[in-house]
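Chemist: The structure follows.
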Amino acid sequence: MAQDMSRLSGIPMVDPQLKTFLSTESYCNYEESVRGACLAIIQTAIQSDGISINDRLNQVGLMSDAAIRSDADKKVITFWPLFPYARQDRMTGRDPVSADWAVDLLAMSGVGHIVTMDIHSRQTQGHFRNPFDNLTAIPLIEDWIAKHMEGEQYRSLIVSPDTGRAKVAEKIAGRLGLDFVVMIKSRDHDDPSQVSVNGVTGDVRGMTCYLNDDMIDSG
């Protein structure tokens, strides 16, 4: 993604040296000067190649801190297509508001501007005093659905996986001229990753169903 953004914008890409010590501590170093530069750090909250979401958040914090201490422009921008800890956006008991904690960590590290896509809860933006842009991929999704509806054997329907996503499903359905239904979902209190569906607010028989949500835990 960083390579594509660099190529399309004509902005050079810096490849920082990132490594992990045997103690599992992270390390960052810029091998070329970033003095006076406005840095855009590209990262996303996924686990891959043995690197956890926590490690990726930690790396961005260290990259930002290193940039500021190396006299980069004071406005470091971080692009997070998937923002870390976004689902934990309010207290439900004796638990942290982890989305706010992640924002605080980035701010403390010198990040001056956050850009993300379709964040789980827009209220997270209000916790950051500097610019926090929430872009959306919904128009791209709608174009994809419209293209795939052409020549379909069955009628199409937009499905919301729960009531929290119903408004988005309604908007997508309205712009595509389709109906939408909502799944009635309950979550296991002992294991939040386990959910069950108790019904659907409509008839989906014979339909091609397009289900849209803002994040997926495991696939």
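Chain lettering (A, B, ...) mirrors the order of the structure tokens, residue numbering begins at 1 for each chain separately, and ligand numbering begins at 1 in order of display.
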Extract, using only C-alpha atoms, all DNA, RNA and protein residues at most 6 Å from stretch 44-53 of chain A, discarding same-chain residues fewer than 3 positions from it, and format them as an MDAnalysis selection string.
Modeler: chainID A and resid 56 80:84
Chemist: Keeping only C-alpha atoms, take the residues you just selected and write them out as a PDB file, in the first residue's frame.
Modeler:
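Resulting contents of out_24.pdb:
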```
ATOM      1  CA  ARG A  56       2.069  -2.925  14.932  1.00  0.00           C
ATOM      2  CA  TRP A  80      -4.774   3.071   9.539  1.00  0.00           C
ATOM      3  CA  PRO A  81      -7.177   1.374   7.072  1.00  0.00           C
ATOM      4  CA  LEU A  82      -8.197  -0.722  10.090  1.00  0.00           C
ATOM      5  CA  PHE A  83      -7.863   1.153  13.374  1.00  0.00           C
ATOM      6  CA  PRO A  84      -6.564  -0.860  16.369  1.00  0.00           C
TER       7      PRO A  84
END
```
Chemist: Which residues come within 12 Å of A:Ala37, counting only C-alpha atoms, excluding same-chain residues fewer than 6 positions away, as number ranges by chain?
Modeler: A: 11-14, 67-68, 70-77
Chemist: As a ChimeraX atom specification, list the residues of stretch 47-82 of chain A assigned to strand (DSSP E or B) by DSSP on the backbone atoms of this structure.
Modeler: /A:48,51,76-80
Chemist: Would you put the residues from that selection into a file with C-alpha atoms, as a PDB file, in the first residue's frame?
Modeler:
```pdb
ATOM      1  CA  SER A  48       0.355 -11.336  10.004  1.00  0.00           C
ATOM      2  CA  ILE A  51       3.549  -9.662  14.065  1.00  0.00           C
ATOM      3  CA  VAL A  76       3.226  13.125  11.585  1.00  0.00           C
ATOM      4  CA  ILE A  77       0.239  11.515   9.813  1.00  0.00           C
ATOM      5  CA  THR A  78      -0.725   7.884  10.369  1.00  0.00           C
ATOM      6  CA  PHE A  79      -2.930   5.998   7.906  1.00  0.00           C
ATOM      7  CA  TRP A  80      -4.774   3.071   9.539  1.00  0.00           C
TER       8      TRP A  80
END
```
Chemist: Taking only chain A into account, list the residues labelled helix (DSSP H, G or I) by DSSP (computed from the backbone), as a PDB file with N, CA and C atoms, in the first residue's frame.
Modeler:
```
ATOM      1  N   ALA A   2       1.902   1.261   0.840  1.00  0.00           N
ATOM      2  CA  ALA A   2       2.793   2.417   0.894  1.00  0.00           C
ATOM      3  C   ALA A   2       3.483   2.642  -0.446  1.00  0.00           C
ATOM      4  N   GLN A   3       3.894   1.558  -1.094  1.00  0.00           N
ATOM      5  CA  GLN A   3       4.539   1.670  -2.400  1.00  0.00           C
ATOM      6  C   GLN A   3       3.581   2.251  -3.434  1.00  0.00           C
ATOM      7  N   ASP A   4       2.333   1.807  -3.434  1.00  0.00           N
ATOM      8  CA  ASP A   4       1.342   2.329  -4.378  1.00  0.00           C
ATOM      9  C   ASP A   4       1.078   3.811  -4.137  1.00  0.00           C
ATOM     10  N   MET A   5       0.935   4.196  -2.853  1.00  0.00           N
ATOM     11  CA  MET A   5       0.675   5.590  -2.523  1.00  0.00           C
ATOM     12  C   MET A   5       1.857   6.478  -2.929  1.00  0.00           C
ATOM     13  N   SER A   6       3.065   5.972  -2.749  1.00  0.00           N
ATOM     14  CA  SER A   6       4.250   6.718  -3.141  1.00  0.00           C
ATOM     15  C   SER A   6       4.305   6.890  -4.658  1.00  0.00           C
ATOM     16  N   ARG A   7       4.009   5.815  -5.381  1.00  0.00           N
ATOM     17  CA  ARG A   7       4.060   5.866  -6.843  1.00  0.00           C
ATOM     18  C   ARG A   7       3.006   6.816  -7.406  1.00  0.00           C
ATOM     19  N   LEU A   8       1.778   6.756  -6.869  1.00  0.00           N
ATOM     20  CA  LEU A   8       0.685   7.562  -7.399  1.00  0.00           C
ATOM     21  C   LEU A   8       0.813   9.037  -7.019  1.00  0.00           C
ATOM     22  N   SER A   9       1.416   9.313  -5.867  1.00  0.00           N
ATOM     23  CA  SER A   9       1.527  10.701  -5.407  1.00  0.00           C
ATOM     24  C   SER A   9       2.830  11.362  -5.807  1.00  0.00           C
ATOM     25  N   ILE A  53      -1.162  -7.340  16.424  1.00  0.00           N
ATOM     26  CA  ILE A  53      -1.737  -5.999  16.374  1.00  0.00           C
ATOM     27  C   ILE A  53      -1.039  -5.099  17.381  1.00  0.00           C
ATOM     28  N   ASN A  54      -0.749  -5.630  18.570  1.00  0.00           N
ATOM     29  CA  ASN A  54      -0.048  -4.844  19.588  1.00  0.00           C
ATOM     30  C   ASN A  54       1.322  -4.396  19.090  1.00  0.00           C
ATOM     31  N   ASP A  55       2.041  -5.300  18.424  1.00  0.00           N
ATOM     32  CA  ASP A  55       3.358  -4.954  17.892  1.00  0.00           C
ATOM     33  C   ASP A  55       3.255  -3.856  16.836  1.00  0.00           C
ATOM     34  N   ARG A  56       2.219  -3.928  15.994  1.00  0.00           N
ATOM     35  CA  ARG A  56       2.069  -2.925  14.932  1.00  0.00           C
ATOM     36  C   ARG A  56       1.767  -1.547  15.526  1.00  0.00           C
ATOM     37  N   LEU A  57       0.940  -1.517  16.550  1.00  0.00           N
ATOM     38  CA  LEU A  57       0.648  -0.256  17.223  1.00  0.00           C
ATOM     39  C   LEU A  57       1.911   0.294  17.880  1.00  0.00           C
ATOM     40  N   ASN A  58       2.671  -0.586  18.500  1.00  0.00           N
ATOM     41  CA  ASN A  58       3.920  -0.191  19.138  1.00  0.00           C
ATOM     42  C   ASN A  58       4.921   0.342  18.120  1.00  0.00           C
ATOM     43  N   GLN A  59       5.008  -0.307  16.962  1.00  0.00           N
ATOM     44  CA  GLN A  59       5.931   0.131  15.915  1.00  0.00           C
ATOM     45  C   GLN A  59       5.600   1.539  15.431  1.00  0.00           C
ATOM     46  N   VAL A  60       4.313   1.808  15.214  1.00  0.00           N
ATOM     47  CA  VAL A  60       3.920   3.136  14.749  1.00  0.00           C
ATOM     48  C   VAL A  60       4.271   4.197  15.790  1.00  0.00           C
ATOM     49  N   GLY A  61       4.048   3.888  17.068  1.00  0.00           N
ATOM     50  CA  GLY A  61       4.409   4.821  18.118  1.00  0.00           C
ATOM     51  C   GLY A  61       5.896   5.129  18.119  1.00  0.00           C
ATOM     52  N   LEU A  62       6.728   4.095  17.966  1.00  0.00           N
ATOM     53  CA  LEU A  62       8.172   4.293  17.944  1.00  0.00           C
ATOM     54  C   LEU A  62       8.614   5.021  16.680  1.00  0.00           C
ATOM     55  N   MET A  63       7.987   4.713  15.534  1.00  0.00           N
ATOM     56  CA  MET A  63       8.322   5.398  14.284  1.00  0.00           C
ATOM     57  C   MET A  63       8.003   6.886  14.376  1.00  0.00           C
ATOM     58  N   SER A  64       6.872   7.207  14.983  1.00  0.00           N
ATOM     59  CA  SER A  64       6.492   8.604  15.138  1.00  0.00           C
ATOM     60  C   SER A  64       7.433   9.315  16.101  1.00  0.00           C
ATOM     61  N   ASP A  65       7.726   8.673  17.228  1.00  0.00           N
ATOM     62  CA  ASP A  65       8.621   9.269  18.215  1.00  0.00           C
ATOM     63  C   ASP A  65      10.002   9.509  17.613  1.00  0.00           C
ATOM     64  N   ALA A  66      10.514   8.530  16.865  1.00  0.00           N
ATOM     65  CA  ALA A  66      11.830   8.666  16.230  1.00  0.00           C
ATOM     66  C   ALA A  66      11.832   9.804  15.216  1.00  0.00           C
ATOM     67  N   ALA A  67      10.719   9.954  14.483  1.00  0.00           N
ATOM     68  CA  ALA A  67      10.635  11.012  13.472  1.00  0.00           C
ATOM     69  C   ALA A  67      10.658  12.388  14.122  1.00  0.00           C
ATOM     70  N   ILE A  68       9.867  12.561  15.183  1.00  0.00           N
ATOM     71  CA  ILE A  68       9.815  13.849  15.866  1.00  0.00           C
ATOM     72  C   ILE A  68      11.183  14.194  16.465  1.00  0.00           C
ATOM     73  N   ARG A  69      11.839  13.211  17.079  1.00  0.00           N
ATOM     74  CA  ARG A  69      13.152  13.452  17.690  1.00  0.00           C
ATOM     75  C   ARG A  69      14.230  13.684  16.634  1.00  0.00           C
ATOM     76  N   SER A  98     -10.552   0.878  25.228  1.00  0.00           N
ATOM     77  CA  SER A  98      -9.276   0.623  24.556  1.00  0.00           C
ATOM     78  C   SER A  98      -9.084   1.475  23.313  1.00  0.00           C
ATOM     79  N   ALA A  99     -10.172   1.862  22.637  1.00  0.00           N
ATOM     80  CA  ALA A  99     -10.053   2.727  21.464  1.00  0.00           C
ATOM     81  C   ALA A  99      -9.447   4.071  21.858  1.00  0.00           C
ATOM     82  N   ASP A 100      -9.892   4.624  22.979  1.00  0.00           N
ATOM     83  CA  ASP A 100      -9.335   5.891  23.461  1.00  0.00           C
ATOM     84  C   ASP A 100      -7.878   5.728  23.873  1.00  0.00           C
ATOM     85  N   TRP A 101      -7.565   4.584  24.481  1.00  0.00           N
ATOM     86  CA  TRP A 101      -6.180   4.316  24.882  1.00  0.00           C
ATOM     87  C   TRP A 101      -5.261   4.290  23.666  1.00  0.00           C
ATOM     88  N   ALA A 102      -5.712   3.660  22.566  1.00  0.00           N
ATOM     89  CA  ALA A 102      -4.897   3.599  21.347  1.00  0.00           C
ATOM     90  C   ALA A 102      -4.680   4.997  20.780  1.00  0.00           C
ATOM     91  N   VAL A 103      -5.733   5.839  20.808  1.00  0.00           N
ATOM     92  CA  VAL A 103      -5.606   7.222  20.336  1.00  0.00           C
ATOM     93  C   VAL A 103      -4.614   7.983  21.207  1.00  0.00           C
ATOM     94  N   ASP A 104      -4.715   7.810  22.527  1.00  0.00           N
ATOM     95  CA  ASP A 104      -3.800   8.493  23.453  1.00  0.00           C
ATOM     96  C   ASP A 104      -2.355   8.082  23.195  1.00  0.00           C
ATOM     97  N   LEU A 105      -2.135   6.799  22.926  1.00  0.00           N
ATOM     98  CA  LEU A 105      -0.786   6.305  22.687  1.00  0.00           C
ATOM     99  C   LEU A 105      -0.183   6.953  21.445  1.00  0.00           C
ATOM    100  N   LEU A 106      -0.990   7.069  20.381  1.00  0.00           N
ATOM    101  CA  LEU A 106      -0.507   7.698  19.148  1.00  0.00           C
ATOM    102  C   LEU A 106      -0.216   9.175  19.375  1.00  0.00           C
ATOM    103  N   ALA A 107      -1.117   9.855  20.097  1.00  0.00           N
ATOM    104  CA  ALA A 107      -0.922  11.280  20.368  1.00  0.00           C
ATOM    105  C   ALA A 107       0.343  11.505  21.192  1.00  0.00           C
ATOM    106  N   MET A 108       0.549  10.671  22.197  1.00  0.00           N
ATOM    107  CA  MET A 108       1.726  10.785  23.059  1.00  0.00           C
ATOM    108  C   MET A 108       3.007  10.562  22.262  1.00  0.00           C
ATOM    109  N   ARG A 122     -17.780   6.266  15.380  1.00  0.00           N
ATOM    110  CA  ARG A 122     -17.296   7.613  15.080  1.00  0.00           C
ATOM    111  C   ARG A 122     -16.949   8.396  16.341  1.00  0.00           C
ATOM    112  N   GLN A 123     -17.474   7.998  17.490  1.00  0.00           N
ATOM    113  CA  GLN A 123     -17.198   8.742  18.711  1.00  0.00           C
ATOM    114  C   GLN A 123     -15.718   8.700  19.079  1.00  0.00           C
ATOM    115  N   THR A 124     -14.986   7.715  18.555  1.00  0.00           N
ATOM    116  CA  THR A 124     -13.547   7.634  18.812  1.00  0.00           C
ATOM    117  C   THR A 124     -12.828   8.855  18.258  1.00  0.00           C
ATOM    118  N   GLN A 125     -13.336   9.424  17.172  1.00  0.00           N
ATOM    119  CA  GLN A 125     -12.717  10.616  16.587  1.00  0.00           C
ATOM    120  C   GLN A 125     -12.691  11.782  17.577  1.00  0.00           C
ATOM    121  N   GLY A 126     -13.710  11.864  18.416  1.00  0.00           N
ATOM    122  CA  GLY A 126     -13.821  12.981  19.343  1.00  0.00           C
ATOM    123  C   GLY A 126     -12.795  12.965  20.450  1.00  0.00           C
ATOM    124  N   HIS A 127     -12.078  11.859  20.610  1.00  0.00           N
ATOM    125  CA  HIS A 127     -11.096  11.758  21.690  1.00  0.00           C
ATOM    126  C   HIS A 127      -9.741  12.311  21.275  1.00  0.00           C
ATOM    127  N   ILE A 138     -17.672   2.589   1.416  1.00  0.00           N
ATOM    128  CA  ILE A 138     -19.027   2.201   1.043  1.00  0.00           C
ATOM    129  C   ILE A 138     -19.326   2.452  -0.443  1.00  0.00           C
ATOM    130  N   PRO A 139     -18.953   3.622  -1.030  1.00  0.00           N
ATOM    131  CA  PRO A 139     -19.213   3.803  -2.470  1.00  0.00           C
ATOM    132  C   PRO A 139     -18.558   2.737  -3.343  1.00  0.00           C
ATOM    133  N   LEU A 140     -17.355   2.289  -2.983  1.00  0.00           N
ATOM    134  CA  LEU A 140     -16.692   1.229  -3.741  1.00  0.00           C
ATOM    135  C   LEU A 140     -17.458  -0.087  -3.607  1.00  0.00           C
ATOM    136  N   ILE A 141     -17.958  -0.346  -2.387  1.00  0.00           N
ATOM    137  CA  ILE A 141     -18.736  -1.559  -2.155  1.00  0.00           C
ATOM    138  C   ILE A 141     -20.029  -1.536  -2.959  1.00  0.00           C
ATOM    139  N   GLU A 142     -20.679  -0.374  -2.970  1.00  0.00           N
ATOM    140  CA  GLU A 142     -21.922  -0.240  -3.735  1.00  0.00           C
ATOM    141  C   GLU A 142     -21.674  -0.451  -5.224  1.00  0.00           C
ATOM    142  N   ASP A 143     -20.575   0.095  -5.749  1.00  0.00           N
ATOM    143  CA  ASP A 143     -20.239  -0.107  -7.166  1.00  0.00           C
ATOM    144  C   ASP A 143     -20.008  -1.581  -7.459  1.00  0.00           C
ATOM    145  N   TRP A 144     -19.338  -2.273  -6.523  1.00  0.00           N
ATOM    146  CA  TRP A 144     -19.057  -3.696  -6.708  1.00  0.00           C
ATOM    147  C   TRP A 144     -20.366  -4.500  -6.742  1.00  0.00           C
ATOM    148  N   ILE A 145     -21.265  -4.184  -5.812  1.00  0.00           N
ATOM    149  CA  ILE A 145     -22.546  -4.897  -5.757  1.00  0.00           C
ATOM    150  C   ILE A 145     -23.347  -4.638  -7.033  1.00  0.00           C
ATOM    151  N   ALA A 146     -23.399  -3.366  -7.447  1.00  0.00           N
ATOM    152  CA  ALA A 146     -24.152  -3.017  -8.658  1.00  0.00           C
ATOM    153  C   ALA A 146     -23.623  -3.784  -9.872  1.00  0.00           C
ATOM    154  N   LYS A 147     -22.311  -3.917  -9.967  1.00  0.00           N
ATOM    155  CA  LYS A 147     -21.694  -4.630 -11.085  1.00  0.00           C
ATOM    156  C   LYS A 147     -22.051  -6.109 -11.045  1.00  0.00           C
ATOM    157  N   HIS A 148     -22.033  -6.707  -9.847  1.00  0.00           N
ATOM    158  CA  HIS A 148     -22.286  -8.134  -9.726  1.00  0.00           C
ATOM    159  C   HIS A 148     -23.768  -8.481  -9.774  1.00  0.00           C
ATOM    160  N   MET A 149     -24.630  -7.482  -9.589  1.00  0.00           N
ATOM    161  CA  MET A 149     -26.067  -7.745  -9.702  1.00  0.00           C
ATOM    162  C   MET A 149     -26.491  -7.938 -11.151  1.00  0.00           C
ATOM    163  N   THR A 163     -28.398  -5.121  14.588  1.00  0.00           N
ATOM    164  CA  THR A 163     -29.126  -3.856  14.584  1.00  0.00           C
ATOM    165  C   THR A 163     -28.192  -2.653  14.508  1.00  0.00           C
ATOM    166  N   GLY A 164     -26.958  -2.803  15.013  1.00  0.00           N
ATOM    167  CA  GLY A 164     -26.018  -1.701  14.987  1.00  0.00           C
ATOM    168  C   GLY A 164     -25.585  -1.302  13.592  1.00  0.00           C
ATOM    169  N   ARG A 165     -25.730  -2.201  12.641  1.00  0.00           N
ATOM    170  CA  ARG A 165     -25.316  -1.925  11.260  1.00  0.00           C
ATOM    171  C   ARG A 165     -26.527  -1.661  10.360  1.00  0.00           C
ATOM    172  N   ALA A 166     -27.715  -1.589  10.946  1.00  0.00           N
ATOM    173  CA  ALA A 166     -28.944  -1.477  10.171  1.00  0.00           C
ATOM    174  C   ALA A 166     -29.008  -0.186   9.352  1.00  0.00           C
ATOM    175  N   LYS A 167     -28.571   0.938   9.930  1.00  0.00           N
ATOM    176  CA  LYS A 167     -28.642   2.210   9.208  1.00  0.00           C
ATOM    177  C   LYS A 167     -27.766   2.197   7.965  1.00  0.00           C
ATOM    178  N   VAL A 168     -26.580   1.602   8.086  1.00  0.00           N
ATOM    179  CA  VAL A 168     -25.690   1.508   6.927  1.00  0.00           C
ATOM    180  C   VAL A 168     -26.309   0.625   5.856  1.00  0.00           C
ATOM    181  N   ALA A 169     -26.869  -0.512   6.270  1.00  0.00           N
ATOM    182  CA  ALA A 169     -27.526  -1.415   5.322  1.00  0.00           C
ATOM    183  C   ALA A 169     -28.687  -0.723   4.617  1.00  0.00           C
ATOM    184  N   GLU A 170     -29.432   0.077   5.372  1.00  0.00           N
ATOM    185  CA  GLU A 170     -30.571   0.801   4.794  1.00  0.00           C
ATOM    186  C   GLU A 170     -30.102   1.806   3.739  1.00  0.00           C
ATOM    187  N   LYS A 171     -29.008   2.508   4.017  1.00  0.00           N
ATOM    188  CA  LYS A 171     -28.480   3.482   3.060  1.00  0.00           C
ATOM    189  C   LYS A 171     -27.990   2.802   1.787  1.00  0.00           C
ATOM    190  N   ILE A 172     -27.252   1.691   1.950  1.00  0.00           N
ATOM    191  CA  ILE A 172     -26.757   0.961   0.780  1.00  0.00           C
ATOM    192  C   ILE A 172     -27.924   0.457  -0.052  1.00  0.00           C
ATOM    193  N   ALA A 173     -28.899  -0.137   0.617  1.00  0.00           N
ATOM    194  CA  ALA A 173     -30.071  -0.671  -0.084  1.00  0.00           C
ATOM    195  C   ALA A 173     -30.820   0.441  -0.818  1.00  0.00           C
ATOM    196  N   GLY A 174     -30.971   1.595  -0.160  1.00  0.00           N
ATOM    197  CA  GLY A 174     -31.683   2.704  -0.773  1.00  0.00           C
ATOM    198  C   GLY A 174     -31.003   3.200  -2.023  1.00  0.00           C
ATOM    199  N   ARG A 175     -29.688   3.319  -2.001  1.00  0.00           N
ATOM    200  CA  ARG A 175     -28.964   3.828  -3.163  1.00  0.00           C
ATOM    201  C   ARG A 175     -28.932   2.827  -4.306  1.00  0.00           C
ATOM    202  N   LEU A 176     -29.079   1.526  -3.985  1.00  0.00           N
ATOM    203  CA  LEU A 176     -29.067   0.501  -5.028  1.00  0.00           C
ATOM    204  C   LEU A 176     -30.474   0.071  -5.445  1.00  0.00           C
TER     205      LEU A 176
END
```
Chemist: Could I get the residues of stretch 28-147 of chain A with an atom no further than 12 Å from an atom of stretch 186-196 of chain A, each paired with its nearest atom pair and that distance in Å to one decimal, using only C-alpha atoms, sorted by chain and residue number, as JSON lines?
Modeler:
```
{"residue": "A:Arg87", "atom": "CA", "partner": "A:Pro192", "partner_atom": "CA", "distance": 11.7}
{"residue": "A:Gln88", "atom": "CA", "partner": "A:Pro192", "partner_atom": "CA", "distance": 11.9}
{"residue": "A:Thr92", "atom": "CA", "partner": "A:His189", "partner_atom": "CA", "distance": 11.4}
{"residue": "A:Gly93", "atom": "CA", "partner": "A:His189", "partner_atom": "CA", "distance": 12.0}
```
Chemist: Quick one, how far is atom CA of A:Asp95 from atom CA of A:Asp217?
Modeler: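 Distance between the two atoms: 19.5 Å.
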Chemist: Write out as an MDAnalysis selection string which residues come within 7 Å of A:Pro16 when counting only C-alpha atoms, dropping same-chain ones fewer than 3 positions away.
Modeler: chainID A and resid 28:31
Chemist: Please produce a file of those selected residues containing N, CA and C atoms, as an mmCIF file, in the first residue's frame.
Modeler:
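Dumped everything to result_17.cif:
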```cif
data_model
loop_
_atom_site.group_PDB
_atom_site.id
_atom_site.type_symbol
_atom_site.label_atom_id
_atom_site.label_comp_id
_atom_site.auth_asym_id
_atom_site.auth_seq_id
_atom_site.Cartn_x
_atom_site.Cartn_y
_atom_site.Cartn_z
ATOM 1 N N CYS A 28 13.293 0.917 16.145
ATOM 2 C CA CYS A 28 13.082 1.639 14.891
ATOM 3 C C CYS A 28 14.227 2.611 14.674
ATOM 4 N N ASN A 29 14.644 2.758 13.406
ATOM 5 C CA ASN A 29 15.672 3.738 13.068
ATOM 6 C C ASN A 29 15.489 4.160 11.609
ATOM 7 N N TYR A 30 15.548 5.480 11.376
ATOM 8 C CA TYR A 30 15.502 5.995 10.008
ATOM 9 C C TYR A 30 16.936 6.114 9.496
ATOM 10 N N GLU A 31 17.246 5.399 8.421
ATOM 11 C CA GLU A 31 18.612 5.359 7.915
ATOM 12 C C GLU A 31 18.918 6.526 6.984
#
```
Chemist: Compile the contact shell of A:Asp213 as an MDAnalysis selection string: residues with an atom at most 8 Å away, counting only C-alpha atoms, same-chain residues fewer than 3 positions apart removed.
Modeler: chainID A and resid 160:161 165 216
Chemist: Could you take the residues named above and write them with N, CA and C atoms, as a PDB file, in the first residue's frame?
Modeler:
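Saved file out.pdb follows:
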```pdb
ATOM      1  N   SER A 160     -28.018  -6.735   7.062  1.00  0.00           N
ATOM      2  CA  SER A 160     -27.258  -6.198   8.182  1.00  0.00           C
ATOM      3  C   SER A 160     -27.035  -7.316   9.190  1.00  0.00           C
ATOM      4  N   PRO A 161     -25.785  -7.520   9.659  1.00  0.00           N
ATOM      5  CA  PRO A 161     -25.510  -8.630  10.576  1.00  0.00           C
ATOM      6  C   PRO A 161     -26.083  -8.411  11.978  1.00  0.00           C
ATOM      7  N   ARG A 165     -25.730  -2.201  12.641  1.00  0.00           N
ATOM      8  CA  ARG A 165     -25.316  -1.925  11.260  1.00  0.00           C
ATOM      9  C   ARG A 165     -26.527  -1.661  10.360  1.00  0.00           C
ATOM     10  N   ILE A 216     -14.147  -7.956  10.876  1.00  0.00           N
ATOM     11  CA  ILE A 216     -14.320  -9.399  11.004  1.00  0.00           C
ATOM     12  C   ILE A 216     -13.220  -9.918  11.913  1.00  0.00           C
TER      13      ILE A 216
END
```
Chemist: For a test of reading the model, state the distance in Å between atom CA of A:Ile119 and atom CA of A:Phe132, rounded to one decimal.
Modeler: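 Taking atom CA of A:Ile119 and atom CA of A:Phe132, their separation equals 10.8 Å.
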Chemist: For atom CA of A:Glu150 and atom CA of A:Thr208, quote the distance in Å rounded to one decimal.
Modeler: 12.0 Å
Chemist: At a cut-off of 9 Å, using only C-alpha atoms, what residues contact A:Val200? Leave out same-chain residues fewer than 6 positions from it and give the result as a PyMOL selection string.
Modeler: chain A and resi 181-185
Chemist: Only N, CA and C atoms, please: the residues just picked out, written as a PDB file, in the first residue's frame.
Modeler:
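Output saved as out34.pdb:
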```pdb
ATOM      1  N   VAL A 181     -32.653  -6.519   5.102  1.00  0.00           N
ATOM      2  CA  VAL A 181     -33.130  -7.209   6.301  1.00  0.00           C
ATOM      3  C   VAL A 181     -32.057  -7.117   7.372  1.00  0.00           C
ATOM      4  N   VAL A 182     -32.461  -7.350   8.633  1.00  0.00           N
ATOM      5  CA  VAL A 182     -31.544  -7.276   9.768  1.00  0.00           C
ATOM      6  C   VAL A 182     -31.538  -8.619  10.491  1.00  0.00           C
ATOM      7  N   MET A 183     -30.340  -9.115  10.787  1.00  0.00           N
ATOM      8  CA  MET A 183     -30.208 -10.349  11.560  1.00  0.00           C
ATOM      9  C   MET A 183     -30.305 -10.026  13.050  1.00  0.00           C
ATOM     10  N   ILE A 184     -31.027 -10.833  13.792  1.00  0.00           N
ATOM     11  CA  ILE A 184     -31.166 -10.667  15.240  1.00  0.00           C
ATOM     12  C   ILE A 184     -30.091 -11.521  15.896  1.00  0.00           C
ATOM     13  N   LYS A 185     -29.095 -10.863  16.470  1.00  0.00           N
ATOM     14  CA  LYS A 185     -27.897 -11.546  16.943  1.00  0.00           C
ATOM     15  C   LYS A 185     -27.771 -11.452  18.456  1.00  0.00           C
TER      16      LYS A 185
END
```
Chemist: Can you tell me, as a count of residues only, what residues are no more than 7 Å from A:Tyr210 when counting only C-alpha atoms, ignoring any on the same chain fewer than 4 positions away?
Modeler: 3
